Amino acid sequence: MSEESNFSRRGFLGAGSALLGGLALASVPLDAASKAAPEVETAMPRKWDETFDVVVVGSGFAGLAAAYEAKKAGASVVVLEKMPTAGGNSIINGGIVSAAGSPLQAKMGIKDSPELMAQDMIKAGLGLNHPDLVKLISEKSTETVLWTVNELGVKYLDNELVQEGGHTVKRSYKTYNSSGSAIVLPQLEKLKALGVEPRLETYVAKIYRDKDGRVKGLQVREGYEFPKAGSGKVKNIRARKGVVLAHGGFGQDVAYRMIQDPKLTAKVESTNQPGATAEMWREASRIGCNIIQGDWIQVGPWASPDEKGFGLAPHFAQEAASMYGIWIDATTGKRFIDELANRKIRADAIMMLMNQGHQCVAMADAKGVSRLTPGVMTKLQERGVVKAFQTLEAVADHYKMPKADFLATVEKYNTNIRNSDPKDPKDDIKNSTKLPQGTAPIETAPFYVSRLLPKVHHCMGGIYTNTRAEAMDITTDQPIPGLYAAGEATGGVHGAVRLGSCAVIDCLVMGRAAGSNAAKAKAWG
Amino acid sequence: MLRFLLTALLGVITFLPASAAPARKPGVKATACAACHGKDKVLPAGHPDLKKAGACATCHTGEKTLRGKLDLAHRHGLAGIDCAGCHGKGKPAKVAPAACMACHDLEALAAKTAQAKDHNPHADQHGYAKNCNLCHHAHKKPANYCLTCHSFNWPVP
């Protein structure tokens, strides 16, 4: 096909989609040559039903952080949430937060720096990460975790840091209950004290972007019943200073995620809450946001087929088996991956073996699970997600492993650990990073095992923003006036692979930036 | 094709509500079944006349509980809580959890369900238990909201 005919075909498609778009797009000129100004305006409503300085979409870590900073800066604020509960995926998150060079690391004798954290993120992210965003988040990580402690009253474990795959050192604070709810609930309480409570079952149907390029408000549906499209009563809310998009990812939206990554069919389960759908991704695209890296969708390697969603298995498979134990291909009785490699490398390896009919499992001994939050192991065993065995032979029997190969695998690992310096333990497979302090041979019964099943977990891509959390225009590469974005709704921070515990800090740092910058913006009308 | 059409038509006919729930009439006492239900038989044969029978709970305890048989609105009504008791006077508004909590103490409920399997539904770490409406519906089937993400199989009254 010649270049010319290719061009005209595109022109034709463009006209077709504008027609399908109906009224909303009717004012968009079809002439491709008039590219000077953003051509994405939406007809303004005849009247605004309500007015706020800052309108926040989403009630997870990022949205609530934005609302809090905006409110404290004196802005009037409303938080919109389409689901019947606040907190989104954040309230069911695993509760670990990265902080580089933290007081807890100092106390535990761990050397770290924001530069090292940025290096880890960019290495796993295959260099797709925008360095300025990574730098900002790493540099602000410790002060932001301390802010959650001092300002919000979040409780973390006193003497415990987690090392997720791909991190060079232990650097993740762990909430007392192993859940993001330990952060979201104090956020909600603090906001309530300031008079801001998320408006639940309030769906955003439209972003109003005017002829002058500015985002001026939202069309919402109050009393929306997820997932009933068209439910709820239409209302127009004006945003005098800014709209903050913190609507999260689309892990549960099979249609949209298959457009980005066709492998992720309905068969692939997700760790996300059911509201993690893509309506706002489509709407942000429509009004001229630049959605970048949308096809980098993280599949979490540590989930289990024996419970729904994220569940509790990742705590065992990561914080015990991956850090202080090993992962095994039960079909061969051998290790198949560096257990501390990043999530993508591990999930891909498991999925490849599963496609060959293999079963992969995670294993840790009594010492390995001793650092888990009290109660987690009891629950995991009650649910049948983790099984306990008195001998390694019993493990091999239960999972139908070739016994001699499995025993040799464990012995080889144990020998590696025994022969290395206890202060600097080494293993020839787990070598993408330093092994966590406290690594010991796997020899203390009972031996605990969970089955591994990767599940769709996080959208690395999203709205392109600058370090002021301003959403950038697809046409001009300049900030869209009146529009900010933060959290999983945005892209470019994590690149190809997000490291565990880096999303929470991203949400909090950028959410706060979005809220305070929106509050400082010049009001229109 | 004809067969398909016939089957479809039959499907439509059988789907037509034979005895749909009647419209709610405000101000009607819960014991006056006929005021809303007309001649429909709503009580089992041999049931004592509601206007003469004492409090339901004198008979309906243990295995004879009305939980799961009657919706929350009826059970409240039979216990003497009328529409306004939950909805307030005037145009009925959505019942806020605070209205439920005026009678039902969350801590007492949590103590009552402390032995529930896996997790206590009234003491969850997300704080959802504070919103009674997530699971307990007065005019439609109750639903276990926790099933959204978990497999906790509790009966919801």
# chains A, B, ... in the order shown; residues from 1 in each chain; ligands from 1

$ interface_residues --of "chain A" --to "chain B" --cutoff "8 Å" --atoms "only C-alpha atoms" --output "list in words"
Pro84, Thr85, Ile91, Ile92, Ser181, Leu185, Gln273, Pro274, Glu307, Lys308, Gly309, Gly311, Lys379, Glu382 and Arg383 of chain A

$ write_last_selection --atoms "N, CA and C atoms" --output "mmCIF file, in the first residue's frame"
data_model
loop_
_atom_site.group_PDB
_atom_site.id
_atom_site.type_symbol
_atom_site.label_atom_id
_atom_site.label_comp_id
_atom_site.auth_asym_id
_atom_site.auth_seq_id
_atom_site.Cartn_x
_atom_site.Cartn_y
_atom_site.Cartn_z
ATOM 1 N N PRO A 84 -19.555 0.959 45.703
ATOM 2 C CA PRO A 84 -20.276 1.232 46.955
ATOM 3 C C PRO A 84 -19.357 1.309 48.169
ATOM 4 N N THR A 85 -18.048 1.103 47.971
ATOM 5 C CA THR A 85 -17.098 1.211 49.078
ATOM 6 C C THR A 85 -15.929 2.079 48.636
ATOM 7 N N ILE A 91 -7.289 -0.493 49.307
ATOM 8 C CA ILE A 91 -7.733 -1.012 50.606
ATOM 9 C C ILE A 91 -7.579 -2.536 50.673
ATOM 10 N N ILE A 92 -7.375 -3.187 49.515
ATOM 11 C CA ILE A 92 -7.119 -4.629 49.537
ATOM 12 C C ILE A 92 -5.669 -4.937 49.150
ATOM 13 N N SER A 181 -5.230 -1.343 53.865
ATOM 14 C CA SER A 181 -6.286 -0.724 54.669
ATOM 15 C C SER A 181 -5.691 0.042 55.844
ATOM 16 N N LEU A 185 -7.589 3.578 55.651
ATOM 17 C CA LEU A 185 -8.549 3.954 56.708
ATOM 18 C C LEU A 185 -8.115 5.216 57.454
ATOM 19 N N GLN A 273 -9.941 -5.619 42.557
ATOM 20 C CA GLN A 273 -11.366 -5.518 42.881
ATOM 21 C C GLN A 273 -12.139 -5.335 41.553
ATOM 22 N N PRO A 274 -13.420 -5.735 41.517
ATOM 23 C CA PRO A 274 -14.132 -5.747 40.233
ATOM 24 C C PRO A 274 -14.266 -4.368 39.578
ATOM 25 N N GLU A 307 -7.458 -19.836 46.204
ATOM 26 C CA GLU A 307 -8.271 -18.771 46.799
ATOM 27 C C GLU A 307 -8.537 -17.724 45.729
ATOM 28 N N LYS A 308 -9.558 -16.888 45.989
ATOM 29 C CA LYS A 308 -9.926 -15.843 45.031
ATOM 30 C C LYS A 308 -8.936 -14.684 45.082
ATOM 31 N N GLY A 309 -8.772 -14.020 43.955
ATOM 32 C CA GLY A 309 -8.080 -12.725 43.910
ATOM 33 C C GLY A 309 -6.667 -12.739 44.469
ATOM 34 N N GLY A 311 -5.819 -12.444 47.702
ATOM 35 C CA GLY A 311 -5.835 -13.377 48.822
ATOM 36 C C GLY A 311 -4.695 -13.158 49.783
ATOM 37 N N LYS A 379 -4.562 -18.787 58.912
ATOM 38 C CA LYS A 379 -5.631 -18.575 57.925
ATOM 39 C C LYS A 379 -5.319 -19.299 56.616
ATOM 40 N N GLU A 382 -5.967 -22.935 57.132
ATOM 41 C CA GLU A 382 -7.409 -23.203 57.234
ATOM 42 C C GLU A 382 -8.053 -23.197 55.852
ATOM 43 N N ARG A 383 -7.598 -22.268 55.004
ATOM 44 C CA ARG A 383 -8.172 -22.158 53.656
ATOM 45 C C ARG A 383 -7.650 -23.237 52.715
#

$ residues_around --residues "Lys29 (chain B)" --least-positions-apart "6" --cutoff "10 Å" --atoms "only C-alpha atoms" --output "list in words"
Ala35, Lys51, His74, Gly77, Leu78, Gly80, Ile81, Asp82 and Cys83 of chain B

$ select_by_dssp --residues "chain B" --states "alpha helix (DSSP H)" --output "VMD selection string"
chain B and resid 2 to 15 33 to 37 72 to 78 83 to 87 97 to 101 106 to 112

$ write_last_selection --atoms "N, CA and C atoms" --output "CSV table (one decimal), in the first residue's frame"
chain,number,residue,atom,x,y,z
B,2,LEU,N,-39.9,-22.2,13.1
B,2,LEU,CA,-41.2,-22.1,13.8
B,2,LEU,C,-41.1,-22.6,15.3
B,3,ARG,N,-40.4,-23.7,15.4
B,3,ARG,CA,-40.2,-24.3,16.7
B,3,ARG,C,-39.5,-23.3,17.6
B,4,PHE,N,-38.4,-22.7,17.0
B,4,PHE,CA,-37.7,-21.7,17.8
B,4,PHE,C,-38.6,-20.6,18.3
B,5,LEU,N,-39.4,-20.1,17.4
B,5,LEU,CA,-40.3,-19.0,17.8
B,5,LEU,C,-41.3,-19.5,18.9
B,6,LEU,N,-41.8,-20.7,18.7
B,6,LEU,CA,-42.7,-21.2,19.7
B,6,LEU,C,-42.1,-21.3,21.1
B,7,THR,N,-40.8,-21.8,21.1
B,7,THR,CA,-40.1,-22.0,22.4
B,7,THR,C,-39.9,-20.6,23.0
B,8,ALA,N,-39.5,-19.6,22.1
B,8,ALA,CA,-39.2,-18.3,22.6
B,8,ALA,C,-40.5,-17.7,23.2
B,9,LEU,N,-41.6,-17.9,22.5
B,9,LEU,CA,-42.9,-17.4,23.0
B,9,LEU,C,-43.3,-18.0,24.3
B,10,LEU,N,-43.1,-19.3,24.4
B,10,LEU,CA,-43.4,-20.0,25.7
B,10,LEU,C,-42.6,-19.5,26.8
B,11,GLY,N,-41.3,-19.2,26.4
B,11,GLY,CA,-40.4,-18.7,27.4
B,11,GLY,C,-40.9,-17.4,28.0
B,12,VAL,N,-41.4,-16.5,27.1
B,12,VAL,CA,-41.9,-15.2,27.5
B,12,VAL,C,-43.1,-15.4,28.4
B,13,ILE,N,-44.0,-16.3,28.0
B,13,ILE,CA,-45.2,-16.5,28.8
B,13,ILE,C,-44.8,-17.0,30.2
B,14,THR,N,-44.0,-18.0,30.3
B,14,THR,CA,-43.7,-18.5,31.6
B,14,THR,C,-42.9,-17.5,32.5
B,15,PHE,N,-42.2,-16.6,31.8
B,15,PHE,CA,-41.5,-15.6,32.5
B,15,PHE,C,-42.4,-14.5,33.1
B,33,CYS,N,-51.7,-8.6,56.2
B,33,CYS,CA,-51.2,-9.1,54.9
B,33,CYS,C,-52.0,-8.7,53.7
B,34,ALA,N,-53.4,-8.8,53.9
B,34,ALA,CA,-54.3,-8.7,52.7
B,34,ALA,C,-54.2,-7.2,52.2
B,35,ALA,N,-53.9,-6.3,53.0
B,35,ALA,CA,-53.9,-4.9,52.6
B,35,ALA,C,-53.0,-4.7,51.3
B,36,CYS,N,-51.9,-5.4,51.3
B,36,CYS,CA,-51.0,-5.4,50.1
B,36,CYS,C,-51.2,-6.6,49.2
B,37,HIS,N,-51.2,-7.8,49.9
B,37,HIS,CA,-51.2,-9.1,49.1
B,37,HIS,C,-52.6,-9.5,48.6
B,72,LEU,N,-36.1,-8.3,55.5
B,72,LEU,CA,-35.8,-7.5,56.6
B,72,LEU,C,-37.0,-6.5,56.9
B,73,ALA,N,-37.6,-6.0,55.8
B,73,ALA,CA,-38.6,-5.0,56.0
B,73,ALA,C,-39.8,-5.7,56.8
B,74,HIS,N,-40.2,-6.9,56.3
B,74,HIS,CA,-41.3,-7.6,57.0
B,74,HIS,C,-40.9,-7.9,58.5
B,75,ARG,N,-39.7,-8.4,58.7
B,75,ARG,CA,-39.3,-8.7,60.0
B,75,ARG,C,-39.3,-7.5,60.9
B,76,HIS,N,-38.8,-6.4,60.4
B,76,HIS,CA,-38.9,-5.2,61.2
B,76,HIS,C,-40.3,-4.8,61.5
B,77,GLY,N,-41.2,-4.9,60.4
B,77,GLY,CA,-42.6,-4.6,60.6
B,77,GLY,C,-43.3,-5.4,61.7
B,78,LEU,N,-43.0,-6.7,61.6
B,78,LEU,CA,-43.6,-7.6,62.6
B,78,LEU,C,-43.1,-7.4,64.0
B,83,CYS,N,-42.4,1.6,58.5
B,83,CYS,CA,-41.6,2.3,57.5
B,83,CYS,C,-40.8,3.5,58.0
B,84,ALA,N,-41.5,4.3,58.7
B,84,ALA,CA,-40.9,5.6,59.2
B,84,ALA,C,-39.8,5.3,60.3
B,85,GLY,N,-39.9,4.1,60.9
B,85,GLY,CA,-39.0,3.7,61.9
B,85,GLY,C,-37.6,3.7,61.4
B,86,CYS,N,-37.4,3.3,60.1
B,86,CYS,CA,-36.1,3.3,59.5
B,86,CYS,C,-35.9,4.5,58.5
B,87,HIS,N,-37.0,4.8,57.7
B,87,HIS,CA,-36.9,5.8,56.6
B,87,HIS,C,-37.1,7.2,57.1
B,97,PRO,N,-26.6,3.9,57.5
B,97,PRO,CA,-26.2,2.9,58.5
B,97,PRO,C,-26.5,3.5,59.9
B,98,ALA,N,-26.4,4.8,60.1
B,98,ALA,CA,-26.6,5.4,61.4
B,98,ALA,C,-28.0,5.0,61.9
B,99,ALA,N,-29.0,4.9,61.0
B,99,ALA,CA,-30.3,4.6,61.5
B,99,ALA,C,-30.3,3.1,62.0
B,100,CYS,N,-29.6,2.2,61.3
B,100,CYS,CA,-29.5,0.8,61.8
B,100,CYS,C,-28.9,0.8,63.2
B,101,MET,N,-27.8,1.6,63.3
B,101,MET,CA,-27.0,1.5,64.5
B,101,MET,C,-27.7,2.1,65.7
B,106,LEU,N,-22.8,-2.3,66.6
B,106,LEU,CA,-21.8,-3.1,65.7
B,106,LEU,C,-20.9,-4.0,66.6
B,107,GLU,N,-20.5,-3.5,67.7
B,107,GLU,CA,-19.6,-4.3,68.6
B,107,GLU,C,-20.4,-5.6,69.1
B,108,ALA,N,-21.7,-5.4,69.4
B,108,ALA,CA,-22.4,-6.5,69.9
B,108,ALA,C,-22.6,-7.5,68.7
B,109,LEU,N,-22.9,-7.0,67.5
B,109,LEU,CA,-23.0,-7.9,66.3
B,109,LEU,C,-21.7,-8.6,66.1
B,110,ALA,N,-20.6,-7.9,66.2
B,110,ALA,CA,-19.3,-8.5,66.0
B,110,ALA,C,-19.1,-9.6,67.0
B,111,ALA,N,-19.5,-9.4,68.2
B,111,ALA,CA,-19.3,-10.5,69.3
B,111,ALA,C,-20.2,-11.7,68.9
B,112,LYS,N,-21.4,-11.4,68.4
B,112,LYS,CA,-22.3,-12.5,68.0
B,112,LYS,C,-21.7,-13.3,66.8

$ residues_around --residues "Ser113 (chain A)" --least-positions-apart "5" --cutoff "9 Å" --atoms "only C-alpha atoms" --output "JSON, numbers by chain"
{"A": [99, 100, 101, 102, 118, 138, 139]}

$ write_last_selection --atoms "C-alpha atoms" --output "compact mmCIF listing (two decimals), in the first residue's frame"
# COMPACT_ATOMS: atom_id res chain seq x y z
CA ALA A 99 11.41 3.91 51.45
CA ALA A 100 15.04 4.37 50.46
CA GLY A 101 17.46 5.41 53.20
CA SER A 102 14.83 5.12 55.91
CA ALA A 118 15.79 4.52 41.22
CA SER A 138 12.66 7.74 45.20
CA GLU A 139 13.86 10.99 46.74

$ residues_around --residues "Gly68 (chain B)" --least-positions-apart "5" --cutoff "10 Å" --atoms "only C-alpha atoms" --output "PyMOL selection string"
chain B and resi 141-142+155-157

$ residues_around --residues "region 248-253 of chain A" --least-positions-apart "5" --cutoff "6 Å" --atoms "only C-alpha atoms" --output "VMD selection string"
chain A and resid 274 276 to 278 459 488 to 489

$ write_last_selection --atoms "N, CA and C atoms" --output "CSV table (one decimal), in the first residue's frame"
chain,number,residue,atom,x,y,z
A,274,PRO,N,-13.4,-5.7,41.5
A,274,PRO,CA,-14.1,-5.7,40.2
A,274,PRO,C,-14.3,-4.4,39.6
A,276,ALA,N,-12.0,-2.3,38.9
A,276,ALA,CA,-10.8,-1.9,38.2
A,276,ALA,C,-11.1,-2.0,36.7
A,277,THR,N,-11.9,-1.1,36.2
A,277,THR,CA,-12.3,-1.2,34.8
A,277,THR,C,-11.9,0.1,34.0
A,278,ALA,N,-12.0,0.1,32.7
A,278,ALA,CA,-11.3,1.1,31.9
A,278,ALA,C,-12.1,2.3,31.4
A,459,CYS,N,-1.4,-2.2,36.2
A,459,CYS,CA,-1.2,-1.5,34.9
A,459,CYS,C,-0.1,-0.5,35.1
A,488,GLU,N,-2.1,4.6,39.8
A,488,GLU,CA,-2.1,3.6,38.7
A,488,GLU,C,-2.7,4.1,37.4
A,489,ALA,N,-3.5,5.2,37.5
A,489,ALA,CA,-4.1,5.8,36.3
A,489,ALA,C,-3.0,6.4,35.4
